[in-house]
$ cat upload.cif   # mmCIF, C-alpha atoms
data_start
#
loop_
_atom_site.label_atom_id
_atom_site.label_comp_id
_atom_site.auth_asym_id
_atom_site.auth_seq_id
_atom_site.Cartn_x
_atom_site.Cartn_y
_atom_site.Cartn_z
CA MET B 88 -23.81 -155.22 94.14
CA SER B 89 -24.93 -152.81 96.88
CA ALA B 90 -24.56 -149.07 96.76
CA GLU B 91 -21.65 -149.29 99.18
CA ASP B 92 -19.82 -151.50 96.68
CA TRP B 93 -19.80 -148.85 93.97
CA PRO B 94 -16.36 -147.38 93.44
CA ASP B 95 -15.53 -143.69 93.51
CA PHE B 96 -15.56 -142.07 90.06
CA TRP B 97 -12.42 -140.55 88.70
CA LEU B 98 -11.82 -138.79 85.38
CA LYS B 99 -8.23 -138.48 84.16
CA GLY B 100 -7.09 -139.01 87.71
CA LYS B 101 -9.42 -136.45 89.21
CA TYR B 102 -12.28 -137.11 91.60
CA ILE B 103 -15.69 -135.86 90.28
CA ASP B 104 -16.99 -133.44 92.93
CA TRP B 105 -19.45 -131.46 90.80
CA ILE B 106 -21.03 -131.34 87.32
CA GLU B 107 -20.02 -128.38 85.18
CA THR B 108 -22.33 -129.08 82.20
CA VAL B 109 -25.68 -130.78 81.92
CA ASN B 110 -26.71 -131.02 78.27
CA LEU B 111 -30.11 -132.67 78.68
CA VAL B 112 -32.31 -133.71 81.57
CA LYS B 113 -35.34 -135.60 80.29
CA THR B 114 -37.40 -135.77 83.48
CA ILE B 115 -36.98 -134.74 87.11
CA ASN B 116 -39.95 -135.98 89.10
CA THR B 117 -39.11 -134.18 92.33
CA ILE B 118 -36.35 -131.89 93.50
CA GLY B 119 -36.83 -131.45 97.19
CA THR B 120 -34.18 -128.87 98.06
CA ILE B 121 -31.14 -127.54 96.32
CA GLY B 122 -29.35 -125.86 99.16
CA THR B 123 -26.52 -124.26 97.21
CA VAL B 124 -25.83 -124.34 93.50
CA GLU B 125 -22.22 -123.29 93.10
CA THR B 126 -22.14 -123.18 89.30
CA ILE B 127 -24.32 -124.34 86.43
CA GLU B 128 -22.55 -123.07 83.36
CA THR B 129 -24.98 -124.48 80.79
CA LEU B 130 -28.43 -125.98 81.24
CA GLU B 131 -29.78 -126.51 77.75
CA THR B 132 -33.08 -128.33 78.26
CA LEU B 133 -35.42 -129.40 81.06
CA ASN B 134 -38.31 -131.28 79.47
CA THR B 135 -40.41 -131.76 82.60
CA VAL B 136 -40.03 -130.63 86.20
CA ASP B 137 -42.98 -131.85 88.27
CA THR B 138 -42.07 -130.13 91.54
CA ILE B 139 -39.32 -127.78 92.59
CA GLN B 140 -39.95 -126.91 96.19
CA LYS B 141 -37.19 -124.43 96.78
CA ILE B 142 -34.13 -122.99 95.14
CA ASN B 143 -32.26 -120.72 97.50
CA PRO B 144 -30.58 -117.89 95.57
CA LYS B 145 -27.00 -117.23 96.48
CA THR B 146 -25.78 -113.66 96.93
CA VAL B 147 -22.42 -113.28 95.24
CA ASP B 148 -21.63 -109.74 96.34
CA SER B 149 -23.36 -106.53 97.41
CA THR B 150 -23.53 -105.15 93.86
CA ALA B 151 -25.20 -108.18 92.27
CA TYR B 152 -28.71 -106.72 92.15
CA ASN B 153 -29.92 -109.45 89.82
CA THR B 154 -29.17 -112.18 92.37
CA VAL B 155 -32.17 -111.48 94.65
CA ILE B 156 -35.24 -110.02 92.97
CA ASP B 157 -36.62 -107.37 95.32
CA LEU B 158 -37.31 -104.57 92.82
CA ILE B 159 -39.54 -104.37 89.76
CA GLU B 160 -37.89 -101.68 87.64
CA LYS B 161 -40.28 -101.66 84.69
CA ILE B 162 -43.69 -102.88 83.64
CA LYS B 163 -43.33 -102.55 79.89
CA GLN B 164 -46.97 -103.02 78.89
CA ILE B 165 -50.40 -103.58 80.40
CA ASP B 166 -52.78 -104.38 77.54
CA ASN B 167 -56.08 -104.07 79.35
CA ILE B 168 -57.45 -103.28 82.79
CA THR B 169 -61.17 -103.96 82.58
CA ASP B 170 -62.25 -102.35 85.86
CA VAL B 171 -60.39 -100.62 88.69
CA GLY B 172 -62.84 -99.92 91.50
CA THR B 173 -60.35 -98.57 94.03
CA LEU B 174 -56.57 -98.62 93.74
CA GLY B 175 -55.38 -97.77 97.23
CA THR B 176 -51.76 -98.86 97.68
CA VAL B 177 -49.28 -101.07 95.90
CA ASN B 178 -46.40 -101.57 98.31
CA SER B 179 -45.62 -105.27 98.83
CA VAL B 180 -43.93 -105.55 95.44
CA GLY B 181 -41.27 -103.10 96.54
CA THR B 182 -41.08 -100.43 93.87
CA VAL B 183 -42.60 -99.95 90.43
CA SER B 184 -40.30 -97.41 88.80
CA ILE B 185 -41.86 -97.14 85.34
CA ILE B 186 -45.09 -98.16 83.65
CA SER B 187 -44.28 -97.71 79.98
CA LYS B 188 -47.74 -98.27 78.53
CA ILE B 189 -51.36 -98.89 79.54
CA ASN B 190 -53.50 -99.42 76.47
CA ARG B 191 -56.91 -99.02 78.09
CA ILE B 192 -58.49 -98.56 81.51
CA ASN B 193 -62.22 -98.99 81.03
CA VAL B 194 -63.63 -97.69 84.31
CA ILE B 195 -62.12 -95.81 87.25
CA HIS B 196 -64.50 -94.84 90.05
CA ASP B 197 -63.30 -91.62 91.71
CA ALA B 198 -65.57 -89.24 93.60
CA ARG B 199 -63.16 -86.36 92.96
CA ILE B 200 -63.99 -86.25 89.24
CA VAL B 201 -65.99 -83.12 88.24
CA PRO B 202 -69.61 -84.32 87.97
CA ASN B 203 -71.10 -84.91 84.55
CA PHE B 204 -74.88 -84.55 84.83
CA ILE B 205 -75.32 -87.08 81.99
CA GLN B 206 -74.92 -90.62 83.32
CA ASN B 207 -72.60 -93.01 81.46
CA GLY B 208 -72.02 -90.37 78.80
CA SER B 209 -69.17 -92.31 77.16
CA PHE B 210 -70.98 -95.70 77.39
CA ARG B 211 -67.91 -97.23 79.08
CA THR B 212 -70.05 -99.66 81.02
CA GLY B 213 -70.55 -101.40 77.68
CA ASP B 214 -74.32 -101.13 78.04
CA PHE B 215 -77.15 -98.56 78.32
CA THR B 216 -76.77 -97.90 82.05
CA GLY B 217 -78.35 -94.48 82.72
CA TRP B 218 -80.06 -94.27 79.31
CA ILE B 219 -83.64 -95.18 80.15
CA GLY B 220 -85.03 -94.63 76.64
CA ARG B 221 -83.79 -95.90 73.27
CA SER B 222 -84.98 -97.25 69.94
CA ALA B 223 -84.84 -100.98 69.22
CA ASN B 224 -81.92 -100.70 66.77
CA ALA B 225 -79.55 -98.84 69.11
CA TYR B 226 -76.55 -100.75 70.49
CA ILE B 227 -73.17 -100.24 72.21
CA GLU B 228 -69.79 -101.39 70.92
CA TYR B 229 -66.09 -100.69 71.37
CA ASP B 230 -64.86 -98.62 68.42
CA SER B 231 -61.26 -99.71 67.81
CA ASN B 232 -60.58 -96.68 65.60
CA TYR B 233 -61.93 -94.14 68.09
CA ARG B 234 -60.52 -96.27 70.95
CA ASP B 235 -63.54 -95.91 73.17
CA TYR B 236 -67.06 -97.21 73.56
CA VAL B 237 -69.74 -95.64 71.37
CA CYS B 238 -73.50 -95.78 70.99
CA VAL B 239 -74.55 -96.72 67.46
CA LEU B 240 -77.84 -95.42 66.00
CA PRO B 241 -77.92 -97.27 62.65
CA GLU B 242 -81.21 -96.03 61.17
CA GLN B 243 -82.99 -92.71 60.67
CA TYR B 244 -85.01 -91.69 63.76
CA ASP B 245 -83.12 -94.08 66.06
CA TYR B 246 -82.58 -92.36 69.41
CA VAL B 247 -81.36 -92.61 73.00
CA GLY B 248 -82.48 -90.53 75.97
CA GLN B 249 -82.23 -90.12 79.73
CA TYR B 250 -83.58 -88.05 82.61
CA LEU B 251 -81.51 -85.06 83.76
CA PRO B 252 -81.21 -83.47 87.21
CA PRO B 253 -83.23 -80.23 87.54
CA LEU B 254 -80.43 -77.88 86.43
CA TYR B 255 -81.63 -74.61 84.90
CA GLY B 256 -81.12 -74.55 81.15
CA GLU B 257 -79.20 -71.27 81.25
CA GLU B 258 -76.71 -72.83 83.70
CA ALA B 259 -75.92 -75.86 81.52
CA ARG B 260 -73.43 -76.52 78.74
CA ILE B 261 -74.06 -79.73 76.76
CA LYS B 262 -71.59 -81.42 74.39
CA ILE B 263 -71.58 -84.70 72.46
CA ARG B 264 -69.08 -86.31 70.07
CA TYR B 265 -70.70 -87.64 66.90
CA ARG B 266 -69.81 -89.16 63.54
CA HIS B 267 -71.89 -89.92 60.45
CA GLU B 268 -71.02 -92.29 57.61
CA VAL B 269 -72.00 -89.89 54.82
CA ASP B 270 -71.36 -86.22 54.11
CA GLY B 271 -74.08 -83.95 55.45
CA GLY B 272 -75.42 -86.40 58.04
CA GLU B 273 -77.47 -84.75 60.81
CA VAL B 274 -77.82 -85.30 64.54
CA GLN B 275 -80.40 -83.68 66.80
CA ILE B 276 -80.10 -82.88 70.51
CA GLN B 277 -83.57 -82.39 72.01
CA LEU B 278 -84.05 -80.90 75.50
CA LEU B 279 -87.27 -81.15 77.51
CA TYR B 280 -88.05 -78.77 80.39
CA THR B 281 -90.10 -79.12 83.57
CA ASP B 282 -92.70 -76.70 82.18
CA GLY B 283 -93.54 -79.17 79.39
CA THR B 284 -91.77 -77.24 76.62
CA SER B 285 -88.89 -78.56 74.49
CA LYS B 286 -86.12 -77.24 72.26
CA ALA B 287 -84.32 -79.08 69.43
CA TYR B 288 -80.79 -78.32 68.19
CA ASN B 289 -79.64 -79.80 64.85
CA PHE B 290 -76.00 -80.31 63.82
CA THR B 291 -74.52 -81.41 60.48
CA ALA B 292 -71.41 -83.54 59.91
CA SER B 293 -70.06 -81.92 56.74
CA THR B 294 -67.69 -84.85 56.09
CA GLY B 295 -68.59 -88.50 56.63
CA GLY B 296 -66.29 -90.56 58.83
CA VAL B 297 -65.04 -87.52 60.77
CA TRP B 298 -65.77 -86.93 64.47
CA TYR B 299 -67.38 -83.60 65.41
CA ASP B 300 -68.42 -81.85 68.64
CA ALA B 301 -72.01 -80.65 68.97
CA VAL B 302 -72.28 -77.97 71.69
CA VAL B 303 -75.52 -76.58 73.13
CA GLU B 304 -75.77 -73.70 75.61
CA PRO B 305 -79.47 -73.22 76.43
CA THR B 306 -80.75 -69.82 77.59
CA LYS B 307 -84.12 -70.87 79.01
CA LYS B 308 -84.49 -70.10 82.73
CA VAL B 309 -86.41 -73.31 83.45
CA PRO B 310 -85.05 -76.60 84.88
CA LEU B 311 -84.20 -79.36 82.39
CA VAL B 312 -85.75 -82.81 82.72
CA VAL B 313 -84.83 -84.96 79.67
CA ILE B 314 -82.19 -85.13 76.91
CA MET B 315 -82.73 -87.12 73.69
CA ILE B 316 -80.28 -87.65 70.82
CA TRP B 317 -81.61 -88.57 67.36
CA ASN B 318 -80.21 -89.78 64.03
CA LEU B 319 -81.93 -87.61 61.41
CA THR B 320 -80.28 -89.03 58.27
CA ASP B 321 -81.60 -91.93 56.21
CA GLY B 322 -78.95 -94.41 55.07
CA SER B 323 -76.22 -93.22 57.42
CA GLU B 324 -75.14 -94.79 60.70
CA LEU B 325 -74.70 -92.28 63.56
CA ARG B 326 -72.13 -92.90 66.30
CA ILE B 327 -72.11 -90.86 69.51
CA THR B 328 -69.96 -90.80 72.65
CA GLY B 329 -68.49 -88.33 75.14
CA CYS B 330 -71.93 -86.96 76.05
CA GLU B 331 -71.63 -84.46 78.91
CA MET B 332 -73.61 -81.75 80.63
CA LEU B 333 -71.58 -79.49 82.90
CA ARG B 334 -72.56 -76.46 84.94
CA LYS B 335 -71.36 -73.28 83.25
CA GLN B 336 -69.02 -71.06 85.23
CA LEU B 337 -70.94 -67.94 86.22
CA ILE B 338 -69.18 -64.56 86.00
CA TYR B 339 -70.15 -62.07 88.71
CA GLN B 340 -67.46 -59.40 88.37
CA ALA B 341 -67.82 -57.14 85.35
CA GLU B 342 -64.82 -55.94 83.37
CA LYS B 343 -64.73 -52.22 82.61
CA ASP B 344 -64.57 -52.74 78.83
CA ARG B 345 -67.33 -55.34 78.63
CA THR B 346 -70.93 -54.62 77.66
CA ILE B 347 -73.35 -55.88 80.32
CA SER B 348 -76.73 -57.13 79.17
CA ARG B 349 -79.67 -55.65 81.09
CA GLU B 350 -82.50 -57.95 82.12
CA GLY B 351 -86.18 -57.06 82.20
CA ALA B 352 -88.08 -53.77 81.72
CA VAL B 353 -88.64 -51.01 84.29
CA VAL B 354 -92.23 -49.94 84.96
CA HIS B 355 -92.69 -46.66 86.93
CA PHE B 356 -95.82 -45.99 88.96
CA SER B 357 -97.36 -43.31 91.13
CA LYS B 358 -100.58 -44.12 92.97
CA SER B 359 -102.77 -42.04 95.28
CA PHE B 360 -105.37 -43.71 97.53
CA SER B 361 -108.10 -41.86 99.49
CA SER B 362 -108.92 -45.06 101.37
CA ALA B 363 -107.98 -48.73 101.54
CA GLY B 364 -107.73 -50.37 98.13
CA SER B 365 -105.48 -51.63 95.33
CA SER B 366 -104.39 -50.63 91.85
CA ASP B 367 -102.63 -52.50 89.01
CA ILE B 368 -99.11 -51.32 88.11
CA ALA B 369 -97.91 -54.01 85.62
CA LEU B 370 -99.83 -56.28 83.22
CA PRO B 371 -98.40 -59.30 81.34
CA ALA B 372 -99.07 -59.97 77.67
CA SER B 373 -101.78 -62.53 76.99
CA GLY B 374 -100.60 -66.06 77.89
CA LYS B 375 -97.51 -64.77 79.70
CA ALA B 376 -96.47 -64.51 83.35
CA LEU B 377 -94.49 -61.73 85.01
CA ARG B 378 -91.25 -62.31 86.90
CA VAL B 379 -90.09 -59.51 89.24
CA LEU B 380 -86.32 -58.88 89.06
CA ALA B 381 -86.09 -55.71 91.18
CA TRP B 382 -88.24 -53.03 92.83
CA ASN B 383 -88.11 -49.68 94.61
CA LEU B 384 -91.09 -48.00 96.29
CA TYR B 385 -92.04 -45.76 99.19
CA CYS B 386 -95.28 -45.02 101.06
CA ASP B 387 -95.90 -41.63 102.79
CA ALA B 388 -98.50 -42.81 105.33
CA ASP B 389 -98.56 -45.15 108.35
CA VAL B 390 -100.59 -47.85 106.61
CA VAL B 391 -99.86 -51.37 105.43
CA CYS B 392 -98.52 -51.17 101.87
CA GLU B 393 -97.91 -54.29 99.74
CA LEU B 394 -96.46 -54.94 96.30
CA ARG B 395 -98.12 -58.24 95.32
CA PHE B 396 -99.55 -60.49 92.62
CA LYS B 397 -103.18 -59.57 92.15
CA ASN B 398 -104.97 -62.92 91.70
CA SER B 399 -103.08 -65.07 94.22
CA GLY B 400 -102.34 -62.28 96.71
CA ASN B 401 -98.72 -63.48 96.95
CA VAL B 402 -96.68 -60.64 98.45
CA ILE B 403 -93.51 -59.50 96.67
CA ALA B 404 -92.61 -56.71 99.13
CA GLY B 405 -94.37 -54.95 102.01
CA LEU B 406 -94.22 -52.03 104.43
CA PRO B 407 -96.02 -52.01 107.82
CA ALA B 408 -95.86 -48.20 108.06
CA LYS B 409 -94.49 -45.11 106.34
CA GLY B 410 -91.14 -45.94 104.69
CA ALA B 411 -89.29 -47.29 101.67
CA THR B 412 -88.15 -50.67 100.33
CA ALA B 413 -85.92 -51.79 97.45
CA MET B 414 -84.36 -55.02 96.26
CA ASN B 415 -82.29 -56.31 93.30
CA LEU B 416 -82.89 -60.04 92.62
CA VAL B 417 -80.66 -60.43 89.53
CA GLY B 418 -78.75 -63.69 89.98
CA SER B 419 -81.39 -65.15 92.32
CA ALA B 420 -84.64 -66.98 91.82
CA ALA B 421 -87.25 -64.24 91.37
CA PRO B 422 -90.97 -64.11 92.34
CA THR B 423 -93.11 -65.17 89.37
CA GLY B 424 -96.84 -64.83 88.98
CA ASP B 425 -99.35 -67.05 87.27
CA THR B 426 -100.18 -66.73 83.58
CA ASP B 427 -102.08 -63.47 82.86
CA GLU B 428 -101.70 -62.35 86.52
CA PRO B 429 -101.12 -58.57 87.04
CA ILE B 430 -98.94 -56.97 89.72
CA GLU B 431 -100.66 -54.47 91.99
CA ILE B 432 -100.14 -52.06 94.89
CA TYR B 433 -102.38 -52.52 97.93
CA VAL B 434 -102.76 -50.12 100.89
CA SER B 435 -104.84 -50.49 104.04
CA GLY B 436 -105.72 -46.76 104.14
CA ALA B 437 -105.22 -43.40 102.49
CA ALA B 438 -101.65 -43.02 101.17
CA ASN B 439 -99.45 -42.04 98.26
CA VAL B 440 -97.18 -44.72 96.83
CA LYS B 441 -94.47 -44.14 94.23
CA GLY B 442 -91.73 -46.28 92.75
CA TRP B 443 -90.85 -48.79 90.01
CA VAL B 444 -90.59 -52.51 89.35
CA CYS B 445 -88.28 -54.32 86.91
CA VAL B 446 -90.17 -57.23 85.31
CA GLU B 447 -89.71 -59.73 82.50
CA GLU B 448 -92.24 -62.02 80.83
CA ALA B 449 -91.86 -65.78 81.20
#

$ encode --input "upload.cif" --output "structure tokens"
Amino acid sequence: MSAEDWPDFWLKGKYIDWIETVNLVKTINTIGTIGTVETIETLETLNTVDTIQKINPKTVDSTAYNTVIDLIEKIKQIDNITDVGTLGTVNSVGTVSIISKINRINVIHDARIVPNFIQNGSFRTGDFTGWIGRSANAYIEYDSNYRDYVCVLPEQYDYVGQYLPPLYGEEARIKIRYRHEVDGGEVQIQLLYTDGTSKAYNFTASTGGVWYDAVVEPTKKVPLVVIMIWNLTDGSELRITGCEMLRKQLIYQAEKDRTISREGAVVHFSKSFSSAGSSDIALPASGKALRVLAWNLYCDADVVCELRFKNSGNVIAGLPAKGATAMNLVGSAAPTGDTDEPIEIYVSGAANVKGWVCVEEA
């Protein structure tokens, strides 16, 4: 019997023009196009659909917003974004009204972030990027309790370290987050300076398993070069993260009720010369160098007059003829002599020179 010989199907005297209920479709190999689906009241199971090329949604009325999906109202949860280099624009999706939760964004690169002079201070790269020195036992892991990456120093005298930009110690504020396993565990922050000296700061975690902040504000007026962090406690694992070195905000305007610290010591001098020559006016203590913070002097004769370091001849201030000169260098880099080098007054002829210099030993 050919297809044309099949009779029309009738049910209870009615012609079957559509299917109201499909209980089970085992397999549909290919559905090319469903142009319009008027009504599917119940579709319980589709075991396998190999290919559905196109289902054209039908708009019922202007208020049926769920008929055509052109708006994402909510993203309920994003568990993990490993790395976002640059997130410029999201616009092709239409609108994202709400992001309810983002558990973790590991790295966001943004040049507008206030610079931290310690590289990779929270170890969020998952490795020792930036930390050029470390002991063999040190390692990085994600701490699920702290919810961030940490550096683990498991044994006594384990350490990590890195080079720092040449920021003056007195301008820096350094902070690290640390946790020991046992009560009384110690951590040490060691700073090395460009002059070859170093300074160590020790901190104690009074309670094991608790996170603490160790804060260092150096006062040395010499550029920093290296930071090292040590575990000083035997039998206690040290965890560190959140390492940062920021430039301290400098205050230039004094409040009327605040005590201002005075830098250096004032040395007065009065020198008379019958001919060209020089005379010492300030001497450093043995093994020290003098830094000039301010000066005031005058010469009563038309001769060359110089305030200078004696051994090197480096001039601090000078007058080509009779006159006066003064300068306050507080807040600026100041002229500094060599170790054990005096400061002197030189004149090219007979003259009287009077004044003062404000100096400090370095």

$ residues_around --input "upload.cif" --residues "Ile316 of chain B" --least-positions-apart "6" --cutoff "6 Å" --atoms "only C-alpha atoms" --output "ChimeraX atom specification"
/B:246-247,275-276

$ resolve_selection --input "upload.cif" --expression "the PyMOL selection byres ((chain B and resi 352-364) around 6)" --output "PyMOL selection string"
chain B and resi 351+365+433-446

$ resolve_selection --input "upload.cif" --expression "the PyMOL selection byres ((chain B and resi 386) around 6)" --output "PyMOL selection string"
chain B and resi 385+387-388+409-410+439-440

$ resolve_selection --input "upload.cif" --expression "the PyMOL selection byres ((chain B and resi 235) around 9)" --output "list in words"
Arg191, Asn193, Ser209, Phe210, Arg211, Glu228, Tyr229, Asp230, Ser231, Asn232, Tyr233, Arg234, Tyr236, Val237 and Thr328 of chain B

$ closest_residue --input "upload.cif" --among "B:Lys307, B:Arg395, B:Lys375, B:Arg266" --to "Ser285 of chain B" --atoms "all atoms listed in the file"
B:Lys307

$ atom_distance --input "upload.cif" --atom1 "atom CA of Gly271 of chain B" --atom2 "atom CA of Trp298 of chain B"
12.6 Å

$ atom_distance --input "upload.cif" --atom1 "atom CA of Glu447 of chain B" --atom2 "atom CA of Leu254 of chain B"
20.8 Å

$ atom_distance --input "upload.cif" --atom1 "atom CA of Asn224 of chain B" --atom2 "atom CA of Asp270 of chain B"
21.9 Å

$ axis_aligned_box --input "upload.cif" --around "segment 373-392 of chain B" --padding-each-side "5 Å" --output "lines of an AutoDock Vina configuration file"
center_x = -93.9
center_y = -53.8
center_z = 92.7
size_x = 25.7
size_y = 34.4
size_z = 41.4

$ closest_residue --input "upload.cif" --among "B:Ile227, B:Ala372, B:Pro429, B:Leu251" --to "Glu331 of chain B" --atoms "only C-alpha atoms"
B:Leu251

$ residues_around --input "upload.cif" --residues "Asp245 of chain B" --least-positions-apart "6" --cutoff "12 Å" --atoms "only C-alpha atoms" --output "compact mmCIF listing (two decimals) with C-alpha atoms, in the coordinates of the input"
# COMPACT_ATOMS: atom_id res chain seq x y z
CA GLY B 220 -85.03 -94.63 76.64
CA ARG B 221 -83.79 -95.90 73.27
CA SER B 222 -84.98 -97.25 69.94
CA ALA B 223 -84.84 -100.98 69.22
CA ASN B 224 -81.92 -100.70 66.77
CA ALA B 225 -79.55 -98.84 69.11
CA TYR B 226 -76.55 -100.75 70.49
CA CYS B 238 -73.50 -95.78 70.99
CA VAL B 239 -74.55 -96.72 67.46
CA VAL B 274 -77.82 -85.30 64.54
CA GLN B 275 -80.40 -83.68 66.80
CA MET B 315 -82.73 -87.12 73.69
CA ILE B 316 -80.28 -87.65 70.82
CA TRP B 317 -81.61 -88.57 67.36
CA ASN B 318 -80.21 -89.78 64.03
CA LEU B 319 -81.93 -87.61 61.41
CA THR B 320 -80.28 -89.03 58.27
CA ASP B 321 -81.60 -91.93 56.21
CA GLY B 322 -78.95 -94.41 55.07
CA SER B 323 -76.22 -93.22 57.42
CA GLU B 324 -75.14 -94.79 60.70
CA LEU B 325 -74.70 -92.28 63.56
CA ARG B 326 -72.13 -92.90 66.30
CA ILE B 327 -72.11 -90.86 69.51

$ closest_residue --input "upload.cif" --among "B:Glu273, B:Asp282, B:Glu268, B:Asp425" --to "Gly295 of chain B" --atoms "only C-alpha atoms"
B:Glu268

$ closest_residue --input "upload.cif" --among "B:Val402, B:Leu416, B:Cys392, B:Ile430" --to "Ala376 of chain B" --atoms "only C-alpha atoms"
B:Ile430

$ residues_around --input "upload.cif" --residues "Val302 of chain B" --least-positions-apart "6" --cutoff "12 Å" --atoms "only C-alpha atoms" --output "MDAnalysis selection string"
chainID B and resid 259:265 274:276 288:291 329:333

$ write_last_selection --input "upload.cif" --atoms "C-alpha atoms" --output "short mmCIF file (atom, residue, chain, number, x, y, z; two decimals), in the coordinates of the input"
data_model
loop_
_atom_site.label_atom_id
_atom_site.label_comp_id
_atom_site.auth_asym_id
_atom_site.auth_seq_id
_atom_site.Cartn_x
_atom_site.Cartn_y
_atom_site.Cartn_z
CA ALA B 259 -75.92 -75.86 81.52
CA ARG B 260 -73.43 -76.52 78.74
CA ILE B 261 -74.06 -79.73 76.76
CA LYS B 262 -71.59 -81.42 74.39
CA ILE B 263 -71.58 -84.70 72.46
CA ARG B 264 -69.08 -86.31 70.07
CA TYR B 265 -70.70 -87.64 66.90
CA VAL B 274 -77.82 -85.30 64.54
CA GLN B 275 -80.40 -83.68 66.80
CA ILE B 276 -80.10 -82.88 70.51
CA TYR B 288 -80.79 -78.32 68.19
CA ASN B 289 -79.64 -79.80 64.85
CA PHE B 290 -76.00 -80.31 63.82
CA THR B 291 -74.52 -81.41 60.48
CA GLY B 329 -68.49 -88.33 75.14
CA CYS B 330 -71.93 -86.96 76.05
CA GLU B 331 -71.63 -84.46 78.91
CA MET B 332 -73.61 -81.75 80.63
CA LEU B 333 -71.58 -79.49 82.90
#
